[in-house]
Number of protein chains: 2
Amino acid sequence: MHHLCDLAAAETLPRFRSGMGIDNKQSDGFDPVTEADKEAENVIRQAIRSTHPEHGILGEEHGSLNPHAEYRWIIDPIDGTRGFIAGLPLWGTLIALYHNGKPLAGIMDQPFIGERYFSNGKTSVLQFRGTSKTLQTTNTADIKSAIMLTTSPVIFTDAEMAAYQAIEQACRLARYGTDCYAYCMLASGQVDLVVESGLMIYDIAALIPIVENAGGMITGWKGETPANGGRILAAANPDLHRRALEFLLPVT
Amino acid sequence: MHHLCDLAAAETLPRFRSGMGIDNKQSDGFDPVTEADKEAENVIRQAIRSTHPEHGILGEEHGSLNPHAEYRWIIDPIDGTRGFIAGLPLWGTLIALYHNGKPLAGIMDQPFIGERYFSNGKTSVLQFRGTSKTLQTTNTADIKSAIMLTTSPVIFTDAEMAAYQAIEQACRLARYGTDCYAYCMLASGQVDLVVESGLMIYDIAALIPIVENAGGMITGWKGETPANGGRILAAANPDLHRRALEFLLPVT
């Protein structure tokens, strides 16, 4: 997975902020984020196929291969493309490995900052410029003490919005604009809750082992498996998860 | 200014993410962001007073000194404290120098990533890990092609919200959670508009020269000077500024 992230970074990083100062977004078809997304997924897929041709692969850009394989890789070459476009370094390359449909290991790489969040299925680790740190979520048990992150309030439907806002108002502090970075801050013990909706499988797959193996709890809004995306609640610990879930369970 | 930012970083950086994994936010009075804010402003003020005792100083944490001096320093040791608390590296140390009430030079330092945006009053420059780049805003002239940043929609009053939302819906893409980083992305030509409200003078002072000397235009929502904070509109160029201002002028 580390090798795959290195390959992806060689495609994404040179294209990040490459249009700085030039208004070519609409004019000549030059689209660095789409290029970066597609090329990064290409190199990841090629590397997996060359060593594990029997494995399944699902990527945001290039579809599904061997969907019923025992081992399946779930790839989002650039999660947070809006942030990427705006020059904000909170996007990440996400790669998960599923075994029989269950998340086994995951990685989030942010090559501009130089951070890599990783779980091998047992522990979760942050690698940052030559240092390595085991991750541990907080023991915050009260919603009123919790810090919450979400990508944007506009991701919620009307029915979801009321429940989301009730949690946001109950929390100590909320912050937007985070995509995959939110779950890494949760695993790091920096924040306590992430509440999102409308996620695709590749938006969340890699982050599940990172959260769980740091001590966190992550499910859908009905308490179901998060492994297929959808509405997601991630909490620093089971107590806080249970309390946050009470806000979300009534949403139909 | 670079020296002042180095001094501030020695206070902020060791406290950034220092509580990772420990739930001590409420329990024992240990508050790394407040400590970092106060200590960073202390070292900046001491350095200025030792070399320029006649200068004025206004800082977020420690108030005003010599307010009627010809030269006046405006300091926000940590702009984006919510981001700092949540572990997100989009906060910055802001230092401006005003001459007779007008912004002369400004700096935004993000020491975790290693980025420093600076204007000497003539050009604007990004220093990033040993490289240096002159900044230039985009020539995007249409709202519908524009990328907009703002810190959070909750900063707006009801009267402001309608005008803000009209711009947001007209834009190509909007993104939240940016604080001072938004203006640096504008100066870099990465985004085209920043619309905010309720800013204090120290939230915006350092960013004015950075935006203006990269080719951008920054005013209040009535077209007035932005040098005292309040409602702010920053655009990549005068044409786009004029078009965006049409949305905001009617707000009372």
# chains A, B, ... in the order shown; residues from 1 in each chain; ligands from 1

$ closest_atom_pairs --of "chain B" --to "chain A" --cutoff "8 Å" --atoms "only C-alpha atoms" --output "CSV"
residue,atom,partner,partner_atom,distance
B:Arg17,CA,A:Gln190,CA,6.8
B:Gly19,CA,A:Gln190,CA,7.2
B:Met20,CA,A:Gly189,CA,4.9
B:Gly21,CA,A:Gly189,CA,4.0
B:Ile22,CA,A:Thr138,CA,5.9
B:Asp23,CA,A:Thr138,CA,5.5
B:Gln26,CA,A:Ser145,CA,7.6
B:Arg82,CA,A:Arg175,CA,7.3
B:Gly83,CA,A:Arg175,CA,7.3
B:Ile85,CA,A:Gln190,CA,7.4
B:Ala86,CA,A:Gln190,CA,5.5
B:Gly87,CA,A:Gln190,CA,5.7
B:Leu88,CA,A:Met185,CA,7.9
B:Ile113,CA,A:Ile113,CA,5.6
B:Leu135,CA,A:Gly21,CA,7.2
B:Gln136,CA,A:Gly21,CA,5.1
B:Thr137,CA,A:Gly21,CA,5.3
B:Thr138,CA,A:Gly21,CA,5.2
B:Asn139,CA,A:Asp23,CA,6.1
B:Thr140,CA,A:Asp23,CA,6.2
B:Ser145,CA,A:Gln26,CA,7.6
B:Ile147,CA,A:Ala86,CA,7.2
B:Ser152,CA,A:Tyr176,CA,7.2
B:Leu173,CA,A:Arg82,CA,7.6
B:Arg175,CA,A:Gly177,CA,6.6
B:Tyr176,CA,A:Gly177,CA,5.2
B:Gly177,CA,A:Gly177,CA,5.1
B:Thr178,CA,A:Gly177,CA,7.9
B:Met185,CA,A:Gly87,CA,6.4
B:Ser188,CA,A:Met20,CA,5.9
B:Gly189,CA,A:Gly21,CA,4.0
B:Gln190,CA,A:Met20,CA,5.3
B:Val191,CA,A:Ala86,CA,5.7

$ residues_around --residues "A:Met217" --least-positions-apart "4" --cutoff "8 Å" --atoms "only C-alpha atoms" --output "number ranges by chain"
A: 211-212, 234-238, 241

$ atom_distance --atom1 "atom CA of B:Ile95" --atom2 "atom CA of B:Leu240"
27.2 Å

$ atom_distance --atom1 "atom CA of A:Val195" --atom2 "atom CA of B:Tyr183"
27.9 Å

$ residues_around --residues "stretch 121-129 of chain B" --least-positions-apart "2" --cutoff "6 Å" --atoms "only C-alpha atoms" --output "mmCIF file with N, CA, C and O atoms, in the first residue's frame"
data_model
loop_
_atom_site.group_PDB
_atom_site.id
_atom_site.type_symbol
_atom_site.label_atom_id
_atom_site.label_comp_id
_atom_site.auth_asym_id
_atom_site.auth_seq_id
_atom_site.Cartn_x
_atom_site.Cartn_y
_atom_site.Cartn_z
ATOM 1 N N LEU B 104 0.647 48.284 4.598
ATOM 2 C CA LEU B 104 1.873 48.476 3.822
ATOM 3 C C LEU B 104 2.473 47.139 3.433
ATOM 4 O O LEU B 104 2.899 46.942 2.299
ATOM 5 N N ALA B 105 2.530 46.209 4.374
ATOM 6 C CA ALA B 105 3.133 44.895 4.140
ATOM 7 C C ALA B 105 2.426 43.878 5.017
ATOM 8 O O ALA B 105 1.824 44.243 6.044
ATOM 9 N N GLY B 114 4.739 24.429 6.165
ATOM 10 C CA GLY B 114 5.987 25.043 5.713
ATOM 11 C C GLY B 114 5.772 26.078 4.623
ATOM 12 O O GLY B 114 6.634 26.284 3.770
ATOM 13 N N GLU B 115 4.599 26.746 4.659
ATOM 14 C CA GLU B 115 4.271 27.760 3.657
ATOM 15 C C GLU B 115 4.282 29.141 4.296
ATOM 16 O O GLU B 115 3.763 29.320 5.411
ATOM 17 N N ARG B 116 4.796 30.118 3.546
ATOM 18 C CA ARG B 116 4.789 31.496 4.019
ATOM 19 C C ARG B 116 4.412 32.411 2.850
ATOM 20 O O ARG B 116 5.116 32.443 1.836
ATOM 21 N N TYR B 117 3.263 33.078 2.989
ATOM 22 C CA TYR B 117 2.775 34.027 1.979
ATOM 23 C C TYR B 117 3.104 35.426 2.479
ATOM 24 O O TYR B 117 2.780 35.776 3.612
ATOM 25 N N PHE B 118 3.692 36.255 1.605
ATOM 26 C CA PHE B 118 4.275 37.507 2.057
ATOM 27 C C PHE B 118 4.134 38.583 0.995
ATOM 28 O O PHE B 118 4.273 38.315 -0.193
ATOM 29 N N SER B 119 3.827 39.815 1.418
ATOM 30 C CA SER B 119 3.930 40.945 0.497
ATOM 31 C C SER B 119 4.699 42.081 1.158
ATOM 32 O O SER B 119 4.415 42.461 2.295
ATOM 33 N N THR B 131 11.741 27.049 -1.793
ATOM 34 C CA THR B 131 11.436 27.648 -3.088
ATOM 35 C C THR B 131 10.694 28.969 -2.866
ATOM 36 O O THR B 131 10.101 29.193 -1.814
ATOM 37 N N SER B 132 10.711 29.815 -3.874
ATOM 38 C CA SER B 132 10.059 31.114 -3.792
ATOM 39 C C SER B 132 9.341 31.371 -5.119
ATOM 40 O O SER B 132 9.896 31.124 -6.188
ATOM 41 N N LYS B 133 8.107 31.857 -5.031
ATOM 42 C CA LYS B 133 7.280 32.005 -6.231
ATOM 43 C C LYS B 133 6.500 33.311 -6.142
ATOM 44 O O LYS B 133 5.838 33.558 -5.127
ATOM 45 N N THR B 134 6.550 34.116 -7.199
ATOM 46 C CA THR B 134 5.745 35.340 -7.240
ATOM 47 C C THR B 134 4.289 34.971 -7.495
ATOM 48 O O THR B 134 3.995 34.138 -8.358
ATOM 49 N N LEU B 135 3.389 35.580 -6.755
ATOM 50 C CA LEU B 135 1.971 35.231 -6.837
ATOM 51 C C LEU B 135 1.242 36.136 -7.816
ATOM 52 O O LEU B 135 1.538 37.334 -7.923
ATOM 53 N N PRO B 209 -2.354 43.378 1.752
ATOM 54 C CA PRO B 209 -1.254 43.566 0.796
ATOM 55 C C PRO B 209 -0.964 42.308 -0.023
ATOM 56 O O PRO B 209 -0.591 42.410 -1.198
ATOM 57 N N ILE B 210 -1.143 41.141 0.577
ATOM 58 C CA ILE B 210 -0.871 39.890 -0.151
ATOM 59 C C ILE B 210 -1.823 39.767 -1.336
ATOM 60 O O ILE B 210 -1.419 39.423 -2.450
ATOM 61 N N ASN B 213 -1.240 43.022 -3.976
ATOM 62 C CA ASN B 213 0.005 43.021 -4.745
ATOM 63 C C ASN B 213 0.202 41.767 -5.602
ATOM 64 O O ASN B 213 1.192 41.637 -6.317
ATOM 65 N N ALA B 214 -0.792 40.860 -5.530
ATOM 66 C CA ALA B 214 -0.831 39.740 -6.469
ATOM 67 C C ALA B 214 -1.797 40.034 -7.622
ATOM 68 O O ALA B 214 -1.993 39.188 -8.488
#

$ atom_distance --atom1 "atom CA of A:Leu7" --atom2 "atom CA of A:Val33"
16.3 Å

$ residues_around --residues "B:Pro111" --least-positions-apart "4" --cutoff "9 Å" --atoms "only C-alpha atoms" --output "ChimeraX atom specification"
/B:5-6,9,12-13,89,92-93,115-116

$ closest_residue --among "A:Glu54, A:Asp203, A:Glu168, A:Glu61" --to "A:Met108" --atoms "only C-alpha atoms"
A:Asp203

$ select_by_dssp --residues "stretch 33-133 of chain A" --states "alpha helix (DSSP H)" --output "PDB file with N, CA, C and O atoms, in the first residue's frame"
ATOM      1  N   VAL A  33      -7.028  18.219 -12.267  1.00  0.00           N
ATOM      2  CA  VAL A  33      -7.538  17.304 -11.240  1.00  0.00           C
ATOM      3  C   VAL A  33      -8.062  16.020 -11.866  1.00  0.00           C
ATOM      4  O   VAL A  33      -7.843  14.924 -11.335  1.00  0.00           O
ATOM      5  N   THR A  34      -8.723  16.122 -13.011  1.00  0.00           N
ATOM      6  CA  THR A  34      -9.217  14.925 -13.687  1.00  0.00           C
ATOM      7  C   THR A  34      -8.054  14.069 -14.181  1.00  0.00           C
ATOM      8  O   THR A  34      -8.053  12.840 -14.031  1.00  0.00           O
ATOM      9  N   GLU A  35      -7.058  14.733 -14.755  1.00  0.00           N
ATOM     10  CA  GLU A  35      -5.846  14.021 -15.172  1.00  0.00           C
ATOM     11  C   GLU A  35      -5.185  13.304 -14.008  1.00  0.00           C
ATOM     12  O   GLU A  35      -4.803  12.144 -14.110  1.00  0.00           O
ATOM     13  N   ALA A  36      -5.020  14.017 -12.911  1.00  0.00           N
ATOM     14  CA  ALA A  36      -4.362  13.444 -11.735  1.00  0.00           C
ATOM     15  C   ALA A  36      -5.147  12.249 -11.211  1.00  0.00           C
ATOM     16  O   ALA A  36      -4.576  11.195 -10.894  1.00  0.00           O
ATOM     17  N   ASP A  37      -6.471  12.402 -11.139  1.00  0.00           N
ATOM     18  CA  ASP A  37      -7.353  11.332 -10.667  1.00  0.00           C
ATOM     19  C   ASP A  37      -7.191  10.073 -11.526  1.00  0.00           C
ATOM     20  O   ASP A  37      -6.966   8.979 -11.012  1.00  0.00           O
ATOM     21  N   LYS A  38      -7.305  10.266 -12.839  1.00  0.00           N
ATOM     22  CA  LYS A  38      -7.272   9.108 -13.745  1.00  0.00           C
ATOM     23  C   LYS A  38      -5.898   8.451 -13.789  1.00  0.00           C
ATOM     24  O   LYS A  38      -5.777   7.223 -13.771  1.00  0.00           O
ATOM     25  N   GLU A  39      -4.852   9.270 -13.874  1.00  0.00           N
ATOM     26  CA  GLU A  39      -3.501   8.706 -13.983  1.00  0.00           C
ATOM     27  C   GLU A  39      -3.091   8.023 -12.689  1.00  0.00           C
ATOM     28  O   GLU A  39      -2.437   6.976 -12.713  1.00  0.00           O
ATOM     29  N   ALA A  40      -3.458   8.601 -11.551  1.00  0.00           N
ATOM     30  CA  ALA A  40      -3.108   7.974 -10.274  1.00  0.00           C
ATOM     31  C   ALA A  40      -3.793   6.619 -10.140  1.00  0.00           C
ATOM     32  O   ALA A  40      -3.176   5.637  -9.724  1.00  0.00           O
ATOM     33  N   GLU A  41      -5.075   6.564 -10.525  1.00  0.00           N
ATOM     34  CA  GLU A  41      -5.754   5.268 -10.439  1.00  0.00           C
ATOM     35  C   GLU A  41      -5.148   4.266 -11.409  1.00  0.00           C
ATOM     36  O   GLU A  41      -5.009   3.085 -11.084  1.00  0.00           O
ATOM     37  N   ASN A  42      -4.782   4.728 -12.597  1.00  0.00           N
ATOM     38  CA  ASN A  42      -4.122   3.839 -13.565  1.00  0.00           C
ATOM     39  C   ASN A  42      -2.888   3.166 -12.985  1.00  0.00           C
ATOM     40  O   ASN A  42      -2.726   1.953 -13.084  1.00  0.00           O
ATOM     41  N   VAL A  43      -2.001   3.946 -12.400  1.00  0.00           N
ATOM     42  CA  VAL A  43      -0.741   3.360 -11.905  1.00  0.00           C
ATOM     43  C   VAL A  43      -1.000   2.424 -10.721  1.00  0.00           C
ATOM     44  O   VAL A  43      -0.326   1.401 -10.581  1.00  0.00           O
ATOM     45  N   ILE A  44      -1.992   2.756  -9.896  1.00  0.00           N
ATOM     46  CA  ILE A  44      -2.322   1.865  -8.774  1.00  0.00           C
ATOM     47  C   ILE A  44      -2.856   0.534  -9.304  1.00  0.00           C
ATOM     48  O   ILE A  44      -2.431  -0.546  -8.885  1.00  0.00           O
ATOM     49  N   ARG A  45      -3.788   0.615 -10.262  1.00  0.00           N
ATOM     50  CA  ARG A  45      -4.387  -0.612 -10.811  1.00  0.00           C
ATOM     51  C   ARG A  45      -3.346  -1.481 -11.502  1.00  0.00           C
ATOM     52  O   ARG A  45      -3.351  -2.711 -11.347  1.00  0.00           O
ATOM     53  N   GLN A  46      -2.472  -0.846 -12.280  1.00  0.00           N
ATOM     54  CA  GLN A  46      -1.441  -1.621 -12.989  1.00  0.00           C
ATOM     55  C   GLN A  46      -0.549  -2.354 -12.004  1.00  0.00           C
ATOM     56  O   GLN A  46      -0.204  -3.522 -12.211  1.00  0.00           O
ATOM     57  N   ALA A  47      -0.177  -1.677 -10.933  1.00  0.00           N
ATOM     58  CA  ALA A  47       0.712  -2.298  -9.944  1.00  0.00           C
ATOM     59  C   ALA A  47       0.029  -3.482  -9.266  1.00  0.00           C
ATOM     60  O   ALA A  47       0.646  -4.536  -9.058  1.00  0.00           O
ATOM     61  N   ILE A  48      -1.252  -3.332  -8.939  1.00  0.00           N
ATOM     62  CA  ILE A  48      -1.976  -4.441  -8.292  1.00  0.00           C
ATOM     63  C   ILE A  48      -2.127  -5.611  -9.267  1.00  0.00           C
ATOM     64  O   ILE A  48      -1.887  -6.771  -8.903  1.00  0.00           O
ATOM     65  N   ARG A  49      -2.485  -5.303 -10.506  1.00  0.00           N
ATOM     66  CA  ARG A  49      -2.713  -6.377 -11.485  1.00  0.00           C
ATOM     67  C   ARG A  49      -1.437  -7.140 -11.798  1.00  0.00           C
ATOM     68  O   ARG A  49      -1.474  -8.341 -12.094  1.00  0.00           O
ATOM     69  N   SER A  50      -0.309  -6.452 -11.748  1.00  0.00           N
ATOM     70  CA  SER A  50       0.953  -7.121 -12.076  1.00  0.00           C
ATOM     71  C   SER A  50       1.370  -8.092 -10.974  1.00  0.00           C
ATOM     72  O   SER A  50       2.026  -9.089 -11.246  1.00  0.00           O
ATOM     73  N   THR A  51       0.993  -7.821  -9.736  1.00  0.00           N
ATOM     74  CA  THR A  51       1.404  -8.714  -8.645  1.00  0.00           C
ATOM     75  C   THR A  51       0.268  -9.623  -8.178  1.00  0.00           C
ATOM     76  O   THR A  51       0.516 -10.706  -7.666  1.00  0.00           O
ATOM     77  N   THR A  81     -11.700  16.205  -4.243  1.00  0.00           N
ATOM     78  CA  THR A  81     -11.281  16.877  -5.480  1.00  0.00           C
ATOM     79  C   THR A  81     -11.583  18.376  -5.432  1.00  0.00           C
ATOM     80  O   THR A  81     -10.841  19.163  -6.004  1.00  0.00           O
ATOM     81  N   ARG A  82     -12.635  18.776  -4.717  1.00  0.00           N
ATOM     82  CA  ARG A  82     -12.926  20.220  -4.621  1.00  0.00           C
ATOM     83  C   ARG A  82     -11.797  20.937  -3.890  1.00  0.00           C
ATOM     84  O   ARG A  82     -11.396  22.033  -4.268  1.00  0.00           O
ATOM     85  N   GLY A  83     -11.317  20.336  -2.831  1.00  0.00           N
ATOM     86  CA  GLY A  83     -10.188  20.918  -2.120  1.00  0.00           C
ATOM     87  C   GLY A  83      -8.950  20.958  -3.005  1.00  0.00           C
ATOM     88  O   GLY A  83      -8.227  21.960  -3.041  1.00  0.00           O
ATOM     89  N   PHE A  84      -8.715  19.882  -3.737  1.00  0.00           N
ATOM     90  CA  PHE A  84      -7.593  19.814  -4.682  1.00  0.00           C
ATOM     91  C   PHE A  84      -7.670  20.963  -5.680  1.00  0.00           C
ATOM     92  O   PHE A  84      -6.696  21.688  -5.903  1.00  0.00           O
ATOM     93  N   ILE A  85      -8.852  21.157  -6.266  1.00  0.00           N
ATOM     94  CA  ILE A  85      -9.042  22.226  -7.248  1.00  0.00           C
ATOM     95  C   ILE A  85      -8.766  23.599  -6.625  1.00  0.00           C
ATOM     96  O   ILE A  85      -8.160  24.466  -7.260  1.00  0.00           O
TER      97      ILE A  85
END

$ select_by_dssp --residues "stretch 6-252 of chain B" --states "strand (DSSP E or B)" --output "JSON, numbers by chain"
{"B": [56, 57, 58, 59, 63, 64, 65, 71, 72, 73, 74, 75, 76, 77, 78, 79, 92, 93, 94, 95, 96, 97, 98, 99, 102, 103, 104, 105, 106, 107, 108, 109, 110, 115, 116, 117, 118, 119, 124, 125, 126, 127, 128, 131, 132, 133, 134, 147, 148, 149, 150, 173, 174, 175, 176, 193, 194, 195, 196, 197, 198, 199, 217, 218, 219, 230, 231, 232, 233, 234, 235]}
